[in-house]
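Step one of this worksheet: look at the structure below.
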Amino acid sequence: MDQESWNILIVEDDQRLAELTREYLESNGLQVSIEADGAQAAERIIDERPDLVVLDLMLPGEDGLSICRKVRDRYDGPILMLTARADDLDQVLGLEIGADDYVCKPVRPRLLLARIRALLRRREGVEAAAATGSKRLKYGPLVVDNALREAWLRGEGIELTGAEFDLLWLLTSNPGRIMSREHIFTELRGIEYDGQDRSIDVRISRIRPKIGDDPEHPRLIKTVRGKGYLFVSEAAEALQ
């Protein structure tokens, strides 16, 4: 997909901020629509299926977390959440219910543009890889399919957000290799790790129980202190 055809929906009730953001993004080749009413946002996201949604957390009618939760199983595009700078809890909650990334307010237009491009290019890369070299990994009862972007445990489908699937695929396609947070962050988000972002840790904690791992004493996705994460294929093969 050419960048000129990328369609962005901004869900933001601050009209001046939304218009300024639209002007900046459109001046950089994106197509942008705005929705100010949280109560209408979910319906527009599902009906219009934009390539990416920029979703403000605080909205009239319905807040961003509720909207994200409502659309996540019916909209598979990236969701970039706007959060208050100091509210780490909101950032974690957003990631837990399916947001792909977040940017703290006040928003710096160049940073927002960079994050949008990184998310969309990652999505393009995943789709291209699936089209040209589909691959399915099987470790005992755990199956991960990169073409279908789906995973199963003992034949039952695993509910994963797009970002969770990308992380699971990265780990399972590199069994026995310690993946540093820096490497994971760069691979999945296209930007350098700042040393503070918790999104990778949040997603790991959500993925573990979904694939039959013990969150308290993980054996499939192990934390290697000071180094990163390790997928242990032998442990997955031994799952009953």
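Labels for the structure tokens follow display order: chains A, B, ..., residues from 1 in each chain, ligands from 1.
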### Message
Quick check for you: according to DSSP on this backbone, which residues of region 2-220 of chain A are classed as helix (DSSP H, G or I)? Reply as JSON, numbers by chain.
### Response
{"A": [3, 4, 5, 15, 16, 17, 18, 19, 20, 21, 22, 23, 24, 25, 26, 27, 38, 39, 40, 41, 42, 43, 44, 45, 46, 47, 48, 64, 65, 66, 67, 68, 69, 70, 71, 88, 89, 90, 91, 92, 93, 94, 95, 96, 109, 110, 111, 112, 113, 114, 115, 116, 117, 118, 119, 120, 121, 122, 123, 124, 125, 126, 127, 128, 129, 130, 131, 132, 162, 163, 164, 165, 166, 167, 168, 169, 170, 171, 172, 181, 182, 183, 184, 185, 186, 187, 188, 189, 199, 200, 201, 202, 203, 204, 205, 206, 207, 208, 209, 210]}
### DSSP strand (DSSP E) selection over region 37-230 of chain A, as a ChimeraX atom specification
/A:52-56,79-84,101-105,136-139,142-145,150-153,156-157,178-179,221-224,228-230
Keeping only N, CA and C atoms, write the selected residues to a file as an mmCIF file, in the first residue's frame.
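Generated file (result.cif):
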data_model
loop_
_atom_site.group_PDB
_atom_site.id
_atom_site.type_symbol
_atom_site.label_atom_id
_atom_site.label_comp_id
_atom_site.auth_asym_id
_atom_site.auth_seq_id
_atom_site.Cartn_x
_atom_site.Cartn_y
_atom_site.Cartn_z
ATOM 1 N N LEU A 52 -5.613 2.995 10.160
ATOM 2 C CA LEU A 52 -5.118 3.182 11.531
ATOM 3 C C LEU A 52 -6.040 4.149 12.256
ATOM 4 N N VAL A 53 -6.210 3.932 13.560
ATOM 5 C CA VAL A 53 -7.022 4.818 14.401
ATOM 6 C C VAL A 53 -6.132 5.483 15.447
ATOM 7 N N VAL A 54 -6.209 6.809 15.525
ATOM 8 C CA VAL A 54 -5.587 7.555 16.622
ATOM 9 C C VAL A 54 -6.701 7.840 17.611
ATOM 10 N N LEU A 55 -6.624 7.241 18.784
ATOM 11 C CA LEU A 55 -7.745 7.233 19.729
ATOM 12 C C LEU A 55 -7.380 7.926 21.032
ATOM 13 N N ASP A 56 -8.063 9.042 21.295
ATOM 14 C CA ASP A 56 -7.831 9.752 22.551
ATOM 15 C C ASP A 56 -8.482 8.993 23.698
ATOM 16 N N ILE A 79 -4.283 0.448 16.454
ATOM 17 C CA ILE A 79 -4.899 1.499 17.272
ATOM 18 C C ILE A 79 -3.794 2.172 18.077
ATOM 19 N N LEU A 80 -3.628 3.470 17.842
ATOM 20 C CA LEU A 80 -2.619 4.276 18.535
ATOM 21 C C LEU A 80 -3.335 5.157 19.545
ATOM 22 N N MET A 81 -3.099 4.921 20.826
ATOM 23 C CA MET A 81 -3.838 5.622 21.870
ATOM 24 C C MET A 81 -3.096 6.859 22.354
ATOM 25 N N LEU A 82 -3.836 7.929 22.601
ATOM 26 C CA LEU A 82 -3.276 9.144 23.181
ATOM 27 C C LEU A 82 -3.583 9.141 24.672
ATOM 28 N N THR A 83 -2.564 9.258 25.510
ATOM 29 C CA THR A 83 -2.756 9.185 26.958
ATOM 30 C C THR A 83 -2.124 10.386 27.655
ATOM 31 N N ALA A 84 -2.581 10.621 28.888
ATOM 32 C CA ALA A 84 -1.971 11.656 29.704
ATOM 33 C C ALA A 84 -0.550 11.239 30.048
ATOM 34 N N ASP A 101 -0.077 0.808 20.349
ATOM 35 C CA ASP A 101 0.967 1.737 20.769
ATOM 36 C C ASP A 101 0.292 2.908 21.460
ATOM 37 N N TYR A 102 1.074 3.757 22.078
ATOM 38 C CA TYR A 102 0.505 4.962 22.690
ATOM 39 C C TYR A 102 1.484 6.117 22.546
ATOM 40 N N VAL A 103 0.928 7.313 22.534
ATOM 41 C CA VAL A 103 1.718 8.545 22.526
ATOM 42 C C VAL A 103 1.177 9.423 23.633
ATOM 43 N N CYS A 104 2.081 10.009 24.405
ATOM 44 C CA CYS A 104 1.671 10.841 25.533
ATOM 45 C C CYS A 104 1.352 12.271 25.083
ATOM 46 N N LYS A 105 0.337 12.831 25.693
ATOM 47 C CA LYS A 105 0.009 14.240 25.473
ATOM 48 C C LYS A 105 0.896 15.116 26.370
ATOM 49 N N ARG A 136 3.883 -21.939 9.172
ATOM 50 C CA ARG A 136 3.168 -22.397 10.371
ATOM 51 C C ARG A 136 4.156 -23.103 11.278
ATOM 52 N N LEU A 137 4.147 -22.712 12.534
ATOM 53 C CA LEU A 137 5.023 -23.318 13.530
ATOM 54 C C LEU A 137 4.183 -24.178 14.462
ATOM 55 N N LYS A 138 4.707 -25.347 14.815
ATOM 56 C CA LYS A 138 3.982 -26.246 15.710
ATOM 57 C C LYS A 138 4.933 -26.754 16.789
ATOM 58 N N TYR A 139 4.538 -26.506 18.034
ATOM 59 C CA TYR A 139 5.290 -26.992 19.181
ATOM 60 C C TYR A 139 4.312 -27.748 20.077
ATOM 61 N N LEU A 142 0.719 -26.392 20.654
ATOM 62 C CA LEU A 142 0.699 -24.967 20.304
ATOM 63 C C LEU A 142 1.028 -24.806 18.820
ATOM 64 N N VAL A 143 0.129 -24.142 18.086
ATOM 65 C CA VAL A 143 0.322 -23.886 16.659
ATOM 66 C C VAL A 143 0.196 -22.388 16.414
ATOM 67 N N VAL A 144 1.149 -21.828 15.669
ATOM 68 C CA VAL A 144 1.138 -20.404 15.338
ATOM 69 C C VAL A 144 1.279 -20.282 13.824
ATOM 70 N N ASP A 145 0.301 -19.635 13.183
ATOM 71 C CA ASP A 145 0.272 -19.538 11.724
ATOM 72 C C ASP A 145 0.431 -18.082 11.306
ATOM 73 N N GLU A 150 -3.079 -16.388 13.125
ATOM 74 C CA GLU A 150 -3.870 -17.023 14.168
ATOM 75 C C GLU A 150 -3.015 -18.044 14.901
ATOM 76 N N ALA A 151 -3.446 -18.364 16.124
ATOM 77 C CA ALA A 151 -2.743 -19.364 16.917
ATOM 78 C C ALA A 151 -3.773 -20.244 17.611
ATOM 79 N N TRP A 152 -3.361 -21.494 17.871
ATOM 80 C CA TRP A 152 -4.255 -22.448 18.519
ATOM 81 C C TRP A 152 -3.511 -23.179 19.631
ATOM 82 N N LEU A 153 -4.237 -23.530 20.661
ATOM 83 C CA LEU A 153 -3.700 -24.365 21.731
ATOM 84 C C LEU A 153 -4.669 -25.527 21.916
ATOM 85 N N GLU A 156 -7.902 -25.271 20.052
ATOM 86 C CA GLU A 156 -8.777 -24.142 20.353
ATOM 87 C C GLU A 156 -8.092 -22.840 19.962
ATOM 88 N N GLY A 157 -8.829 -21.973 19.274
ATOM 89 C CA GLY A 157 -8.272 -20.697 18.861
ATOM 90 C C GLY A 157 -7.883 -19.837 20.058
ATOM 91 N N ILE A 178 17.649 -15.769 23.076
ATOM 92 C CA ILE A 178 17.241 -14.693 23.978
ATOM 93 C C ILE A 178 16.998 -13.436 23.153
ATOM 94 N N MET A 179 15.784 -12.892 23.268
ATOM 95 C CA MET A 179 15.412 -11.685 22.542
ATOM 96 C C MET A 179 15.385 -10.518 23.523
ATOM 97 N N ILE A 221 7.738 -19.057 27.935
ATOM 98 C CA ILE A 221 8.389 -17.769 27.670
ATOM 99 C C ILE A 221 9.071 -17.346 28.963
ATOM 100 N N LYS A 222 10.354 -17.570 29.028
ATOM 101 C CA LYS A 222 11.107 -17.301 30.245
ATOM 102 C C LYS A 222 11.705 -15.894 30.217
ATOM 103 N N THR A 223 11.713 -15.266 31.376
ATOM 104 C CA THR A 223 12.389 -13.981 31.530
ATOM 105 C C THR A 223 13.840 -14.249 31.907
ATOM 106 N N VAL A 224 14.746 -13.756 31.104
ATOM 107 C CA VAL A 224 16.170 -13.888 31.391
ATOM 108 C C VAL A 224 16.631 -12.553 31.961
ATOM 109 N N GLY A 228 16.438 -10.306 28.570
ATOM 110 C CA GLY A 228 15.243 -10.265 27.744
ATOM 111 C C GLY A 228 14.365 -11.478 27.929
ATOM 112 N N TYR A 229 13.803 -11.984 26.831
ATOM 113 C CA TYR A 229 12.861 -13.098 26.886
ATOM 114 C C TYR A 229 13.321 -14.231 25.980
ATOM 115 N N LEU A 230 12.938 -15.459 26.376
ATOM 116 C CA LEU A 230 13.376 -16.655 25.672
ATOM 117 C C LEU A 230 12.193 -17.606 25.516
#
### Task
Could you tell me which of A:Ala236, A:Arg74, A:Leu30, A:Ala18 comes closest to Glu43 (chain A) if we count only C-alpha atoms?
A:Arg74
### Distance of CA of Asp51 (chain A) from CA of Asp13 (chain A), expressed in Å to one decimal place
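Rounded to one decimal, the two atoms are 20.4 Å apart.
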### Non-local contacts of Lys70 (chain A) (10 Å; only C-alpha atoms; under 6 positions in same chain excluded) as a PyMOL selection string
chain A and resi 42-43+46+64+97
### Task
One decimal, Å: what's the distance from CA of Arg123 (chain A) over to CA of Pro78 (chain A), could you say?
8.1 Å
### Query
Hey, can you check how far CA of Arg69 (chain A) sits from CA of Leu93 (chain A)?
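CA of Leu93 (chain A) lies at a distance of 10.3 Å from CA of Arg69 (chain A).
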### Message
What's around Asp166 (chain A) at 9 Å? Count only C-alpha atoms, leave out sequence neighbours fewer than 5 positions away in its own chain, and write the answer as a list in words.
### Response
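So, after excluding close chain neighbours, the residues are Val126, Asn146, Arg149, Thr161, Leu171 and Leu188 of chain A.
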### Contact residues around Gln15 (chain A) with only C-alpha atoms at 10 Å, ignoring same-chain residues under 4 positions, as a list of chain:residue names
A:Glu19, A:Leu20, A:Thr21, A:Ile34, A:Glu35, A:Ala36
Selection export as an mmCIF file, in the first residue's frame, atoms kept: N, CA and C atoms:
data_model
loop_
_atom_site.group_PDB
_atom_site.id
_atom_site.type_symbol
_atom_site.label_atom_id
_atom_site.label_comp_id
_atom_site.auth_asym_id
_atom_site.auth_seq_id
_atom_site.Cartn_x
_atom_site.Cartn_y
_atom_site.Cartn_z
ATOM 1 N N GLU A 19 -7.779 19.341 14.403
ATOM 2 C CA GLU A 19 -7.589 19.989 13.104
ATOM 3 C C GLU A 19 -6.114 20.246 12.825
ATOM 4 N N LEU A 20 -5.382 20.680 13.843
ATOM 5 C CA LEU A 20 -3.943 20.909 13.656
ATOM 6 C C LEU A 20 -3.229 19.603 13.313
ATOM 7 N N THR A 21 -3.641 18.541 14.002
ATOM 8 C CA THR A 21 -3.039 17.237 13.727
ATOM 9 C C THR A 21 -3.373 16.776 12.314
ATOM 10 N N ILE A 34 -11.839 12.909 11.071
ATOM 11 C CA ILE A 34 -11.925 13.218 12.503
ATOM 12 C C ILE A 34 -13.294 12.809 13.029
ATOM 13 N N GLU A 35 -13.306 12.241 14.240
ATOM 14 C CA GLU A 35 -14.539 11.955 14.968
ATOM 15 C C GLU A 35 -14.382 12.490 16.382
ATOM 16 N N ALA A 36 -15.293 13.383 16.799
ATOM 17 C CA ALA A 36 -15.174 14.011 18.113
ATOM 18 C C ALA A 36 -16.010 13.320 19.184
#
### Task
Point out the residue among A:Arg121, A:Asp201, A:Ile116, A:Leu57 with the least atom-to-atom distance to Val32 (chain A), counting only C-alpha atoms.
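Looking only at the distances to Val32 (chain A), the closest residue turns out to be A:Ile116.
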### Query
Which residue out of A:Glu216, A:Arg181, A:Trp169, A:Glu187 has the minimum interatomic distance to Phe231 (chain A) when only C-alpha atoms are used?
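For Phe231 (chain A), the nearest of the candidates is A:Trp169.
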### Query
Which is closest to Leu120 (chain A) among A:Pro215, A:Gly176, A:Gly77, A:Gly226, if we use only C-alpha atoms?
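Closest residue, counting only C-alpha atoms: A:Gly77.
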### Task
Determine, counting only C-alpha atoms, which protein, DNA and RNA residues have an atom within 10 Å of an atom of Ala238 (chain A); residues of the same chain fewer than 4 positions away are not included. Present the result as a PyMOL selection string.
chain A and resi 139-141+220+233-234
### Shortest interatomic distance to Asp100 (chain A) - which of A:Arg22, A:Arg72, A:Arg49, A:Arg219, counting only C-alpha atoms
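Ranking A:Arg22, A:Arg72, A:Arg49, A:Arg219 by distance to Asp100 (chain A), first place goes to A:Arg72.
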